[in-house]
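Working notes for the structure below.
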Amino acid sequence: MKKLWGGRFTKTAEEWVDEFGASIPFDQELVEEDIEGSIAHVTMLGKCGILPKEDVEKIKAGLLTLLEKAKKQQLEFSVAYEDIHLNIEKMLIDEIGPVGGKLHTGRSRNDQVATDMHLYLRKRVNEIIELIKELQKVLVEKAEAHVETLIPGYTHLQRAQPVSFAHHLMAYFWMLERDRERFAESLKRINKSPLGAGALAGTTFPIDRHLTAELLGFEGIYENSIDAVSDRDFIIEFLSNSAMLMMHLSRFCEELILWSSQEFQFIELDDAFATGSSIMPQKKNPDMAELIRGKTGRVYGNLFGLLTVMKGTPLAYNKDMQEDKEGMFNTVKTVTGSLKIFAGMIATMKVNMNVMEKATKQDFSNATELADYLANKGVPFRKAHEIVGKLVLACIEKGMFLADLPLSVYKEASELFEEDIYEVLNPYTAVNRRNSAGGTGFDEVRQAIKKAKQCL
Ligand code: ARG
């Protein structure tokens with residue numbers, strides 16, 4: 001079929017070649033942004049006296065009709081017209097006649113596609129910021145309910161020191177806060193207009209780039225026309241921010257999966273976020289958490305995919321850059337879906353407080369308390385560490401815990417031990433006393449929750 005750019009061609013490509021080159025199967029996702037960008041462009045062409053008013057009105061009306069149809073999913077795209085830009089231009093010409101061919105005055109698909117992507121990501125990033133906030137709210141609510149619920153804190157996945165369950169949950173709150181910050185900060189760069197850069201060199205028409213930028217709600221324009229059409233940093237940055245966010249969610253998933261195992265039994269995920277086995281009737285699998293952990297892989301892949309696409313492309317536009325889209329769409333979908341599922345999963349999970357608390361008692365995660373106890377009485381911490389280490393060893397040999405040892409044994413180890421060690425060994429006391437800034441003491445955790453609410 002004859003192409004919109006077919007003037008200098010004597011032969012047309014076969015359909016399967018067209019299919020390979022076309023982006024319409026995926027870039028139709030940009031349909032609304034593409035039309036919005038065109039409306040701004042043609043409005044500017046009118047204001048700058050480049051096109052006569054009546055042409056502008058006709059083109060605008062045609063574009064608005066197409067926008068309506070797009071919203072109702074009534075547009076039919078064709079591979080023969082390669083991409084969203086040419087599909088829309090063809091539809092416009094079909095709708096209003098040859099005057100539609102004036103729309104592309106003073107612009108190129110190169111600045112057009114970049115504009116579409118900026119508009120698209122601005123919308124999606126704002127949505128993602130809201131979804132992160134929703135998840136943070138859910139976390140704060142859960143944390144508020146569990147300030148005084150104890151859970152073993154781990155290092156090396158070995159029980160280390162008991163902590164407030166709220167404190168553990170709030171660690172994720174602050175990770176998400178950084179994610180939200182990063183996305184919000186990236187908007188500064190996303191919200192710049194490449195429109196009017198033309199193919200790469202600008203245009204001879206007396207266009208007003210600031211006007212189109214303003215009409216599209218951009219905060220400014222790309223300073224350099226070559227950079228404007230060559231830049232995909234803003235997408236890479238989006239993918240990178242998404243990769244970091246998914247890494248956080250994935251770590252959390254890993255914990256949810258562990259905690260809901262028979263071995264931990266700290267939580268039970270709601271039936272709505274779990275699945276059964278087709279063969280083993282007893283099974284309840286944390287599929288959604290596993291899937292989010294798994295989908296992190298594709299988001300990393302999308303980041304590396306685009307970094308690799310871009311590394312060898314000379315300035316300015318190269319067709320390689322058409323490969324920027326699928327990974328971006330896929331990442332938007334993955335991140336959006338994961339955040340929604342996550343909020344639901346956390347909101348509905350059942351916390352087995354008794355199991356958690358029991359776990360904080362039947363181990364040695366109170367050993368640091370004893371060492372601190374001696375250090376408080378003037379024993380150098382290193383020495384205190386050794387004394388308590390020996391007591392732990394004695395307990396292990398006897399199959400007991402520190403709280404089970406009689407005071408006489410303690411006295412033998414050090415004269416400084418008194419009856420009050422049993423209170424010190426209580427995990428509840430151990431947690432509550434850690435009121436250093438940002439620590440797990442209940443007062444500190446309550447303070448942190450208060451601060452978190454202010455962030456929201
Ligand atoms: N479909 C193309 C893309 O997504 C649009 C830009 C095409 N520009 C060009 N000079 N062929 O990158």
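Chain labels run A, B, ... following the order of the structure tokens; each chain numbers its residues from 1, and ligands are numbered from 1 in the order shown.
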
For Lys188 in chain A, find every residue with an atom within 12 Å (counting only C-alpha atoms), except residues of its own chain fewer than 2 positions away, and show them as a PyMOL selection string.
chain A and resi 118+121-122+125-126+181-186+190-193+218-222+234+237-238

Set the cut-off to 7 Å, count only C-alpha atoms and all ligand atoms, and list whatever residues fall near ligand 1 as a PyMOL selection string.
chain A and resi 22-23+82-83+109-110+113+317+319+321-322

Skipping near chain neighbours, those fewer than 6 positions away, what residues fall within 6 Å of range 241-255 of chain A using only C-alpha atoms, listed as a list in words?
Asp179, Ala289, Arg293, Thr296, Val299 and Tyr300 of chain A

Return the single residue from A:Ala452, A:Val392, A:Asp287, A:Glu148 that is closest to Asn354 in chain A, with distances computed using only C-alpha atoms.
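Going through A:Ala452, A:Val392, A:Asp287, A:Glu148 one by one, the smallest distance to Asn354 in chain A is for A:Glu148.
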
Give me the residues within 7 Å of range 360-362 of chain A as a compact mmCIF listing (two decimals) with C-alpha atoms, in the first residue's frame, counting only C-alpha atoms and dropping any in the same chain fewer than 6 places off.
# COMPACT_ATOMS: atom_id res chain seq x y z
CA LEU A 150 6.74 -8.41 69.07
CA ILE A 151 8.51 -10.26 66.28
CA PRO A 152 12.06 -11.58 66.11
CA PRO A 162 13.29 -8.72 69.06
CA PHE A 401 17.17 -20.37 77.35
CA PRO A 427 11.74 -9.30 75.14

Would you mind telling me which residue in A:Ile88, A:Leu4, A:Val379, A:Val355 lies nearest to Ser414 in chain A when using only C-alpha atoms?
A:Val379

Going by DSSP on the backbone, which residues of range 359-423 of chain A come out as helix (DSSP H, G or I)? List them as a PyMOL selection string.
chain A and resi 359-361+367-376+381-398+402-404+407-413+421-423

Please return as a ChimeraX atom specification: the residues of range 116-315 of chain A that backbone DSSP assigns to strand (DSSP E).
/A:150-155,158-164,192-193,220-221,267-268

Could you list, as a PyMOL selection string, every residue within 10 Å of Ala13 in chain A, counting only C-alpha atoms and ignoring same-chain residues fewer than 5 positions away?
chain A and resi 1-3+18-19+80

Would you save the residues of that selection, restricted to N, CA and C atoms, as a compact mmCIF listing (two decimals), in the first residue's frame?
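Okay, again_9.txt is ready:
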# COMPACT_ATOMS: atom_id res chain seq x y z
N MET A 1 0.84 -1.21 0.00
CA MET A 1 0.00 0.00 0.00
C MET A 1 0.87 1.26 0.00
N LYS A 2 0.41 2.29 -0.69
CA LYS A 2 1.18 3.55 -0.76
C LYS A 2 1.25 4.19 0.63
N LYS A 3 2.45 4.66 0.96
CA LYS A 3 2.69 5.21 2.30
C LYS A 3 2.46 6.72 2.31
N ASP A 18 6.47 -4.82 6.43
CA ASP A 18 5.75 -3.74 7.12
C ASP A 18 5.44 -4.11 8.56
N GLU A 19 5.03 -5.35 8.71
CA GLU A 19 4.66 -5.82 10.04
C GLU A 19 5.84 -5.75 11.01
N ALA A 80 -0.57 -1.09 7.95
CA ALA A 80 -0.14 -0.41 6.73
C ALA A 80 0.29 1.03 7.02

Can you tell me, as a list in words, what residues are no more than 12 Å from His385 in chain A when counting only C-alpha atoms, ignoring any on the same chain fewer than 5 positions away?
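Contacts, in chain order: Ala367, Thr368, Glu369, Leu370, Ala371, Asp372, Tyr373, Leu374, Ala375, Val379, Pro380, Lys390, Leu391, Val392 and Ala413 of chain A.
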
Quick one: contact table of range 291-365 of chain A to range 129-137 of chain A, 10 Å max, nearest atom pair and distance in Å to one decimal per residue, counting only C-alpha atoms, chain and number order, as CSV?
residue,atom,partner,partner_atom,distance
A:Val335,CA,A:Leu131,CA,9.4
A:Thr336,CA,A:Leu131,CA,7.3
A:Gly337,CA,A:Leu131,CA,9.6
A:Ser338,CA,A:Leu131,CA,9.7
A:Leu339,CA,A:Leu131,CA,6.3
A:Lys340,CA,A:Leu131,CA,6.9
A:Ile341,CA,A:Leu135,CA,9.4
A:Phe342,CA,A:Leu135,CA,7.1
A:Ala343,CA,A:Leu135,CA,4.8
A:Gly344,CA,A:Leu135,CA,8.4
A:Met345,CA,A:Leu135,CA,9.9
A:Ile346,CA,A:Leu135,CA,8.4
A:Ala347,CA,A:Leu135,CA,8.9

To one decimal place in Å, what is the distance between CA of Met310 in chain A and CA of Arg232 in chain A?
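That distance, rounded to one decimal, is 7.9 Å.
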
What are the closest atom pairs, with distances in Å to one decimal, for each residue of range 75-182 of chain A lying within 9 Å of range 196-213 of chain A, using only C-alpha atoms, rows by chain and rising residue number, as JSON lines?
{"residue": "A:Thr105", "atom": "CA", "partner": "A:Phe205", "partner_atom": "CA", "distance": 8.2}
{"residue": "A:Gly106", "atom": "CA", "partner": "A:Thr203", "partner_atom": "CA", "distance": 5.9}
{"residue": "A:Arg107", "atom": "CA", "partner": "A:Gly198", "partner_atom": "CA", "distance": 4.5}
{"residue": "A:Ser108", "atom": "CA", "partner": "A:Gly198", "partner_atom": "CA", "distance": 4.8}
{"residue": "A:Arg109", "atom": "CA", "partner": "A:Ala199", "partner_atom": "CA", "distance": 7.1}
{"residue": "A:Asn110", "atom": "CA", "partner": "A:Ala199", "partner_atom": "CA", "distance": 5.4}
{"residue": "A:Asp111", "atom": "CA", "partner": "A:Gly198", "partner_atom": "CA", "distance": 5.5}
{"residue": "A:Gln112", "atom": "CA", "partner": "A:Gly198", "partner_atom": "CA", "distance": 8.2}

Straight-line distance linking CA of Glu323 in chain A with CA of Lys295 in chain A, stated in Å to one decimal:
19.9 Å

Pairwise distance for CA of Gly294 in chain A and CA of Thr331 in chain A, rounded to one decimal in Å
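These two atoms are separated by 13.2 Å.
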